[in-house]
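Enquirer: What follows is start_0.tsv, made up of TSV, C-alpha atoms:
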```
chain	number	residue	atom	x	y	z
S	763	MET	CA	-1.63	39.09	32.40
S	764	THR	CA	0.62	42.13	32.10
S	765	GLY	CA	1.92	41.69	28.57
S	766	GLU	CA	5.52	42.00	29.86
S	767	ALA	CA	8.06	40.28	27.62
S	768	ILE	CA	9.04	36.82	28.82
S	769	LYS	CA	12.71	36.21	28.09
S	770	VAL	CA	14.72	33.05	27.69
S	771	PRO	CA	18.42	33.33	28.51
S	772	ARG	CA	21.12	32.16	26.11
S	773	GLN	CA	21.91	28.44	26.39
S	774	SER	CA	23.78	25.91	24.31
S	775	ALA	CA	21.65	24.45	21.51
S	776	GLN	CA	19.14	27.29	22.01
S	777	PRO	CA	18.57	30.60	20.20
S	778	THR	CA	19.75	33.98	21.36
S	779	VAL	CA	17.67	35.89	23.92
S	780	GLU	CA	14.18	36.49	22.53
S	781	THR	CA	10.74	37.25	23.83
S	782	LEU	CA	7.88	34.79	23.91
S	783	ASN	CA	5.25	37.36	23.04
S	784	GLU	CA	6.40	38.35	19.57
S	785	GLN	CA	2.97	37.41	18.22
S	786	GLY	CA	1.23	40.05	20.28
S	787	PRO	CA	-0.63	39.97	23.60
S	788	ALA	CA	-1.56	36.29	23.42
S	789	PRO	CA	-2.21	34.21	26.57
S	790	ARG	CA	0.98	33.07	28.24
S	791	TYR	CA	0.45	29.35	27.52
S	792	LEU	CA	-0.01	30.17	23.83
S	793	GLN	CA	3.13	32.35	23.80
S	794	LEU	CA	5.06	29.42	25.23
S	795	LYS	CA	3.57	27.01	22.67
S	796	GLN	CA	4.54	29.39	19.86
S	797	PHE	CA	8.07	29.65	21.22
S	798	ILE	CA	8.50	25.86	21.42
S	799	CYS	CA	7.09	25.41	17.91
S	800	ARG	CA	9.57	27.98	16.58
S	801	GLN	CA	12.46	26.00	18.07
S	802	ILE	CA	11.14	22.82	16.44
S	803	ASP	CA	10.30	24.34	13.05
S	804	SER	CA	13.65	26.13	12.81
S	805	GLY	CA	15.58	22.94	13.59
S	806	VAL	CA	17.05	24.32	16.81
S	807	TRP	CA	15.27	21.50	18.61
S	808	PRO	CA	15.43	18.51	16.22
S	809	PRO	CA	13.43	15.26	16.58
S	810	HIS	CA	14.24	13.43	19.84
S	811	HIS	CA	15.73	16.60	21.39
S	812	ARG	CA	14.97	16.77	25.10
S	813	VAL	CA	12.79	19.79	25.91
S	814	PRO	CA	13.53	21.62	29.18
S	815	SER	CA	11.55	20.20	32.09
S	816	GLU	CA	8.51	21.94	33.51
S	817	ASN	CA	10.61	23.36	36.35
S	818	GLU	CA	13.27	24.53	33.91
S	819	LEU	CA	10.70	26.23	31.70
S	820	VAL	CA	9.17	27.93	34.73
S	821	ASP	CA	12.60	29.30	35.66
S	822	LEU	CA	13.43	30.30	32.08
S	823	SER	CA	10.13	31.89	31.15
S	824	GLY	CA	8.81	33.26	34.41
S	825	VAL	CA	5.33	31.78	33.85
S	826	SER	CA	3.52	29.51	36.28
S	827	ARG	CA	3.93	25.74	36.33
S	828	MET	CA	0.24	25.38	35.46
S	829	THR	CA	0.83	27.48	32.32
S	830	VAL	CA	3.88	25.41	31.34
S	831	ASN	CA	1.98	22.17	31.93
S	832	ARG	CA	-0.89	23.29	29.71
S	833	ALA	CA	1.47	24.26	26.88
S	834	LEU	CA	3.34	20.94	27.01
S	835	ARG	CA	0.13	18.94	27.35
S	836	GLU	CA	-1.46	20.59	24.30
S	837	LEU	CA	1.69	20.22	22.17
S	838	THR	CA	1.81	16.54	23.12
S	839	ALA	CA	-1.84	16.10	22.09
S	840	GLU	CA	-1.05	17.85	18.79
S	841	GLY	CA	1.80	15.42	18.11
S	842	ARG	CA	4.64	17.96	18.36
S	843	LEU	CA	6.06	16.53	21.60
S	844	VAL	CA	6.33	13.11	23.25
S	845	ARG	CA	6.20	12.95	27.04
S	846	MET	CA	7.71	9.88	28.72
S	847	GLN	CA	6.82	9.36	32.36
S	848	GLY	CA	9.92	9.61	34.54
S	849	VAL	CA	12.18	10.34	31.56
S	850	GLY	CA	11.23	13.72	30.14
S	851	THR	CA	9.64	15.51	27.19
S	852	PHE	CA	11.09	15.18	23.70
S	853	VAL	CA	10.50	16.62	20.24
S	854	ALA	CA	8.36	14.14	18.29
S	855	GLU	CA	9.44	12.57	15.03
S	856	PRO	CA	7.53	14.24	12.16
S	857	LYS	CA	4.49	12.20	11.21
S	858	SER	CA	4.51	10.22	8.01
S	859	HIS	CA	1.41	10.84	5.92
S	860	SER	CA	-0.61	9.18	3.22
S	861	PRO	CA	-3.11	10.51	0.69
S	862	LEU	CA	-6.59	9.64	1.86
S	863	LEU	CA	-7.92	8.39	-1.47
S	864	ALA	CA	-4.79	7.15	-3.27
S	865	VAL	CA	-3.22	3.68	-3.12
S	866	ASN	CA	0.42	4.61	-2.69
S	867	ASN	CA	3.56	2.66	-1.90
S	868	ILE	CA	4.66	3.30	1.70
S	869	ALA	CA	8.34	2.91	0.74
S	870	ASP	CA	7.98	5.75	-1.77
S	871	GLU	CA	6.15	7.96	0.74
S	872	ILE	CA	8.92	7.50	3.29
S	873	SER	CA	11.80	8.06	0.86
S	874	GLU	CA	10.13	11.16	-0.64
S	875	HIS	CA	10.34	12.79	2.79
S	876	GLY	CA	14.05	12.07	3.14
S	877	HIS	CA	13.82	8.99	5.35
S	878	ARG	CA	14.90	5.37	4.96
S	879	HIS	CA	12.35	2.60	4.57
S	880	ARG	CA	12.89	-0.93	5.71
S	881	ALA	CA	10.53	-3.84	6.30
S	882	GLU	CA	10.42	-6.88	8.55
S	883	VAL	CA	8.37	-9.84	7.28
S	884	LYS	CA	6.65	-11.50	10.25
S	885	LEU	CA	4.48	-13.93	8.30
S	886	LEU	CA	4.23	-15.14	4.69
S	887	ARG	CA	2.14	-18.25	4.03
S	888	GLU	CA	-0.86	-19.91	2.39
S	889	GLU	CA	-4.11	-20.20	4.37
S	890	LEU	CA	-7.66	-21.41	3.84
S	891	ALA	CA	-10.33	-18.70	3.69
S	892	GLY	CA	-12.80	-18.72	6.55
S	893	PRO	CA	-16.36	-17.43	6.08
S	894	GLU	CA	-15.59	-13.78	6.87
S	895	ARG	CA	-12.38	-13.70	4.85
S	896	ALA	CA	-14.01	-15.42	1.89
S	897	LEU	CA	-16.77	-12.81	1.87
S	898	SER	CA	-14.34	-9.88	2.00
S	899	MET	CA	-12.19	-11.38	-0.78
S	900	GLY	CA	-15.08	-12.44	-3.03
S	901	VAL	CA	-14.02	-16.10	-3.06
S	902	GLN	CA	-15.49	-19.38	-1.88
S	903	GLU	CA	-15.03	-20.55	1.70
S	904	ARG	CA	-11.93	-22.74	2.18
S	905	GLU	CA	-10.30	-21.49	-1.01
S	906	ASN	CA	-6.57	-20.86	-0.68
S	907	LEU	CA	-5.39	-17.34	0.05
S	908	PHE	CA	-1.92	-15.87	0.52
S	909	HIS	CA	-1.34	-14.07	3.83
S	910	SER	CA	1.49	-11.66	4.68
S	911	LEU	CA	2.21	-9.67	7.84
S	912	ILE	CA	4.87	-6.98	7.47
S	913	VAL	CA	6.09	-4.18	9.76
S	914	HIS	CA	7.26	-1.08	7.88
S	915	TYR	CA	9.86	1.23	9.43
S	916	GLN	CA	10.71	4.87	8.85
S	917	ASP	CA	14.41	4.90	9.69
S	918	ASN	CA	14.35	2.75	12.84
S	919	VAL	CA	10.82	3.63	13.97
S	920	PRO	CA	7.91	1.29	13.12
S	921	VAL	CA	5.13	3.26	11.39
S	922	GLN	CA	2.83	0.61	9.92
S	923	ILE	CA	1.70	-2.98	10.34
S	924	GLU	CA	0.52	-4.30	6.97
S	925	ASP	CA	-1.69	-7.38	7.36
S	926	ARG	CA	-2.63	-8.46	3.82
S	927	PHE	CA	-4.56	-11.28	2.11
S	928	VAL	CA	-4.02	-11.83	-1.61
S	929	ASN	CA	-5.93	-13.80	-4.24
S	930	PRO	CA	-3.48	-16.48	-5.54
S	931	ALA	CA	-5.23	-16.58	-8.92
S	932	LEU	CA	-4.15	-12.98	-9.53
S	933	ALA	CA	-0.69	-13.20	-7.92
S	934	PRO	CA	0.44	-16.85	-8.09
S	935	HIS	CA	4.08	-16.13	-7.14
S	936	TYR	CA	3.32	-13.84	-4.20
S	937	LEU	CA	4.88	-16.15	-1.59
S	938	GLU	CA	8.15	-16.28	-3.53
S	939	GLN	CA	8.83	-12.55	-3.22
S	940	ASP	CA	11.36	-10.89	-0.93
S	941	PHE	CA	9.22	-8.22	0.71
S	942	THR	CA	12.19	-6.71	2.51
S	943	GLN	CA	13.27	-5.43	-0.91
S	944	LEU	CA	9.91	-4.84	-2.61
S	945	THR	CA	6.62	-3.92	-0.94
S	946	PRO	CA	3.49	-5.99	-1.64
S	947	ASN	CA	1.86	-2.85	-3.05
S	948	ALA	CA	4.65	-2.34	-5.58
S	949	TYR	CA	4.66	-6.03	-6.54
S	950	LEU	CA	0.90	-6.19	-7.08
S	951	GLN	CA	0.95	-2.98	-9.10
S	952	ARG	CA	3.53	-4.53	-11.42
S	953	LEU	CA	1.39	-7.59	-12.08
S	954	SER	CA	-1.68	-5.74	-13.24
S	955	PRO	CA	-3.03	-2.20	-12.83
S	956	LEU	CA	-5.44	-1.66	-9.97
S	957	THR	CA	-8.68	-0.37	-11.44
S	958	SER	CA	-10.51	0.54	-8.21
S	959	GLY	CA	-10.09	0.61	-4.46
S	960	GLU	CA	-11.94	0.99	-1.20
S	961	HIS	CA	-10.71	2.63	2.01
S	962	VAL	CA	-12.39	2.42	5.41
S	963	VAL	CA	-10.68	4.47	8.16
S	964	GLU	CA	-11.13	3.86	11.88
S	965	ALA	CA	-9.63	5.01	15.17
S	966	VAL	CA	-8.69	1.94	17.21
S	967	THR	CA	-6.33	0.71	19.91
S	968	ALA	CA	-3.75	-1.92	19.07
S	969	THR	CA	-3.78	-5.46	20.43
S	970	PRO	CA	-0.97	-6.26	22.88
S	971	GLU	CA	0.91	-8.03	20.06
S	972	GLU	CA	0.46	-5.08	17.68
S	973	ALA	CA	1.54	-2.58	20.35
S	974	GLN	CA	4.71	-4.61	20.84
S	975	LEU	CA	5.44	-4.64	17.09
S	976	LEU	CA	4.89	-0.87	16.86
S	977	HIS	CA	6.83	-0.09	20.06
S	978	ILE	CA	3.92	1.88	21.52
S	979	ALA	CA	1.94	1.88	24.76
S	980	ARG	CA	-1.09	-0.37	24.72
S	981	THR	CA	-3.33	2.65	25.25
S	982	GLU	CA	-2.02	4.78	22.36
S	983	PRO	CA	-4.70	5.55	19.75
S	984	CYS	CA	-4.01	4.10	16.31
S	985	LEU	CA	-5.20	4.86	12.81
S	986	LEU	CA	-6.52	1.82	10.95
S	987	ILE	CA	-7.08	1.75	7.18
S	988	ARG	CA	-8.96	-1.23	5.76
S	989	ARG	CA	-8.16	-1.36	2.05
S	990	ARG	CA	-9.55	-3.51	-0.76
S	991	THR	CA	-8.28	-3.28	-4.30
S	992	TRP	CA	-9.70	-4.62	-7.56
S	993	THR	CA	-8.46	-5.48	-11.03
S	994	GLY	CA	-11.58	-5.31	-13.16
S	995	LYS	CA	-14.28	-7.10	-11.16
S	996	ARG	CA	-11.91	-9.32	-9.17
S	997	ILE	CA	-10.55	-8.43	-5.73
S	998	VAL	CA	-6.75	-8.56	-5.73
S	999	SER	CA	-6.14	-8.07	-2.03
S	1000	VAL	CA	-7.58	-7.01	1.30
S	1001	ALA	CA	-5.19	-5.19	3.62
S	1002	ARG	CA	-5.40	-4.00	7.20
S	1003	LEU	CA	-2.94	-1.09	7.66
S	1004	LEU	CA	-2.35	-0.06	11.27
S	1005	HIS	CA	-0.47	3.15	12.15
S	1006	PRO	CA	0.40	4.65	15.56
S	1007	GLY	CA	-1.67	7.82	15.85
S	1008	SER	CA	1.36	9.81	17.01
S	1009	ARG	CA	3.35	8.92	13.86
S	1010	HIS	CA	0.91	9.16	10.98
S	1011	ARG	CA	-1.80	11.30	9.43
S	1012	LEU	CA	-4.06	11.10	6.39
S	1013	GLU	CA	-4.40	13.93	3.91
S	1014	GLY	CA	-7.02	14.58	1.27
S	1015	ARG	CA	-8.08	17.27	-1.16
S	1016	PHE	CA	-10.72	17.52	-3.83
S	1017	GLY	CA	-11.51	20.07	-6.50
S	1018	GLU	CA	-9.49	23.13	-7.44
S	1019	PRO	CA	-9.60	26.55	-5.77
S	1020	ALA	CA	-11.91	28.95	-7.55
```
Just give me the structure of the file as structure tokens.

Expert:
Amino acid sequence: MTGEAIKVPRQSAQPTVETLNEQGPAPRYLQLKQFICRQIDSGVWPPHHRVPSENELVDLSGVSRMTVNRALRELTAEGRLVRMQGVGTFVAEPKSHSPLLAVNNIADEISEHGHRHRAEVKLLREELAGPERALSMGVQERENLFHSLIVHYQDNVPVQIEDRFVNPALAPHYLEQDFTQLTPNAYLQRLSPLTSGEHVVEAVTATPEEAQLLHIARTEPCLLIRRRTWTGKRIVSVARLLHPGSRHRLEGRFGEPA
């Protein structure tokens, strides 16, 4: 590596001529990653913007195709880009995020970040508890439970499948609610305060049906949160919250800096 400045010529929807090694003598693939991230972070390349192809970036930057491929591959793995076979590479939609230990309303999380929430109710009915479900809910086998399956959208992009079972004794009018206007979380919080909760987080792949609902490839990694919430000593609900890994992250913090 010579350390020579790599320049990008002026183009429409791109910044003025600038070097890719403003951060010092970094490896060429890292210089290119930093340049692409600057275009994204500055808003020059907004979400869904088509990034120049590998060949175009080779011509623009003067680096090798192997270097360009590594930069794009790593940015895709980091969730900054989305690569679609035969179509191109695009700026990824910013990931939604949830606090790791809090029980928050997904509609509030989405709106707080300037996006529009909407929900599609796929299932809302009464079911009998099987052995496994009865154990997780703390009820007797074959007791009635309420079951809802809802897909939550950020703008027009599905970001969560909420598969929830609810104790009818604690929410007797659950099936009468319009969950396109009010989330189950918000409704249950109104009925009685949640006194405790449990989160179990796993990395999984979606079922074919779930992948179709989330508009993702069957092989895309997903983030699964299994959540149980209590009022006093009684379990209110058990929820299975499935997020595409490319569209969601969990955040957590404890204690205060010294």

Enquirer: Which residue out of S:Glu888, S:Leu956, S:Gln916, S:Thr981 has the minimum interatomic distance to His935 in chain S when all atoms listed in the file are used?

Expert: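 Smallest distance to His935 in chain S is found for S:Glu888.
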
Enquirer: Quick one: pull the distance between CA of Gln801 in chain S and CA of Glu818 in chain S, Å, one decimal.

Expert: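 For CA of Gln801 in chain S relative to CA of Glu818 in chain S, the distance reads 15.9 Å.
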
Enquirer: Measuring between all atoms listed in the file, which one of S:Ser815, S:Leu1003, S:Gly876, S:Leu885 shows the shortest distance to Gly848 in chain S?

Expert: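 Checking each candidate against Gly848 in chain S, we get S:Ser815 as the closest.
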
Enquirer: Quote the spacing between CA of Val998 in chain S and CA of Val883 in chain S in Å to one decimal place.

Expert: 20.0 Å

Enquirer: Of the residues S:Cys984, S:Val1000, S:Val806, S:Ala869, which is the one nearest to Val963 in chain S, using only C-alpha atoms?

Expert: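 Among the listed residues, S:Cys984 lies closest to Val963 in chain S.
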
Enquirer: Between CA of Thr993 in chain S and CA of Leu911 in chain S, what is the spacing in Å?

Expert: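 Going from CA of Leu911 in chain S over to CA of Thr993 in chain S, I get 22.1 Å.
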
Enquirer: Please work out which residues fall within 12 Å of (8.7, -16.6, -1.4), coordinates as given in the file, with all atoms listed in the file counting, and return them as a list in words.

Expert: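 Nearby residues: Val883, Leu885, Leu886, Arg887, Glu888, Phe908, His909, Ser910, Ala933, Pro934, His935, Tyr936, Leu937, Glu938, Gln939, Asp940, Phe941, Thr942, Leu944 and Pro946 of chain S.
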
Enquirer: Restricting the calculation to only C-alpha atoms, which member of S:His810, S:Arg1002, S:Arg996, S:Arg895 is positioned closest to Thr957 in chain S?

Expert: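 For Thr957 in chain S, the nearest of the candidates is S:Arg996.
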
Enquirer: Skipping near chain neighbours, those fewer than 4 positions away, what residues fall within 10 Å of Pro814 in chain S using only C-alpha atoms, listed as a PyMOL selection string?

Expert: chain S and resi 818-820+822+850-852

Enquirer: Point out the residue among S:His961, S:Arg952, S:Lys995, S:Arg842 with the least atom-to-atom distance to Ile798 in chain S, counting only C-alpha atoms.

Expert: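 That would be S:Arg842, the residue with the smallest distance to Ile798 in chain S.
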
Enquirer: Got a sec: who's within 9 Å of Ile868 in chain S, counting only C-alpha atoms, leaving out chain neighbours fewer than 3 positions off, as a list in words?

Expert: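 Counting only the stated atoms, we get Ser860, Glu871, Ile872, Ser873, His879, His914, Gln922, Thr945 and Asn947 of chain S.
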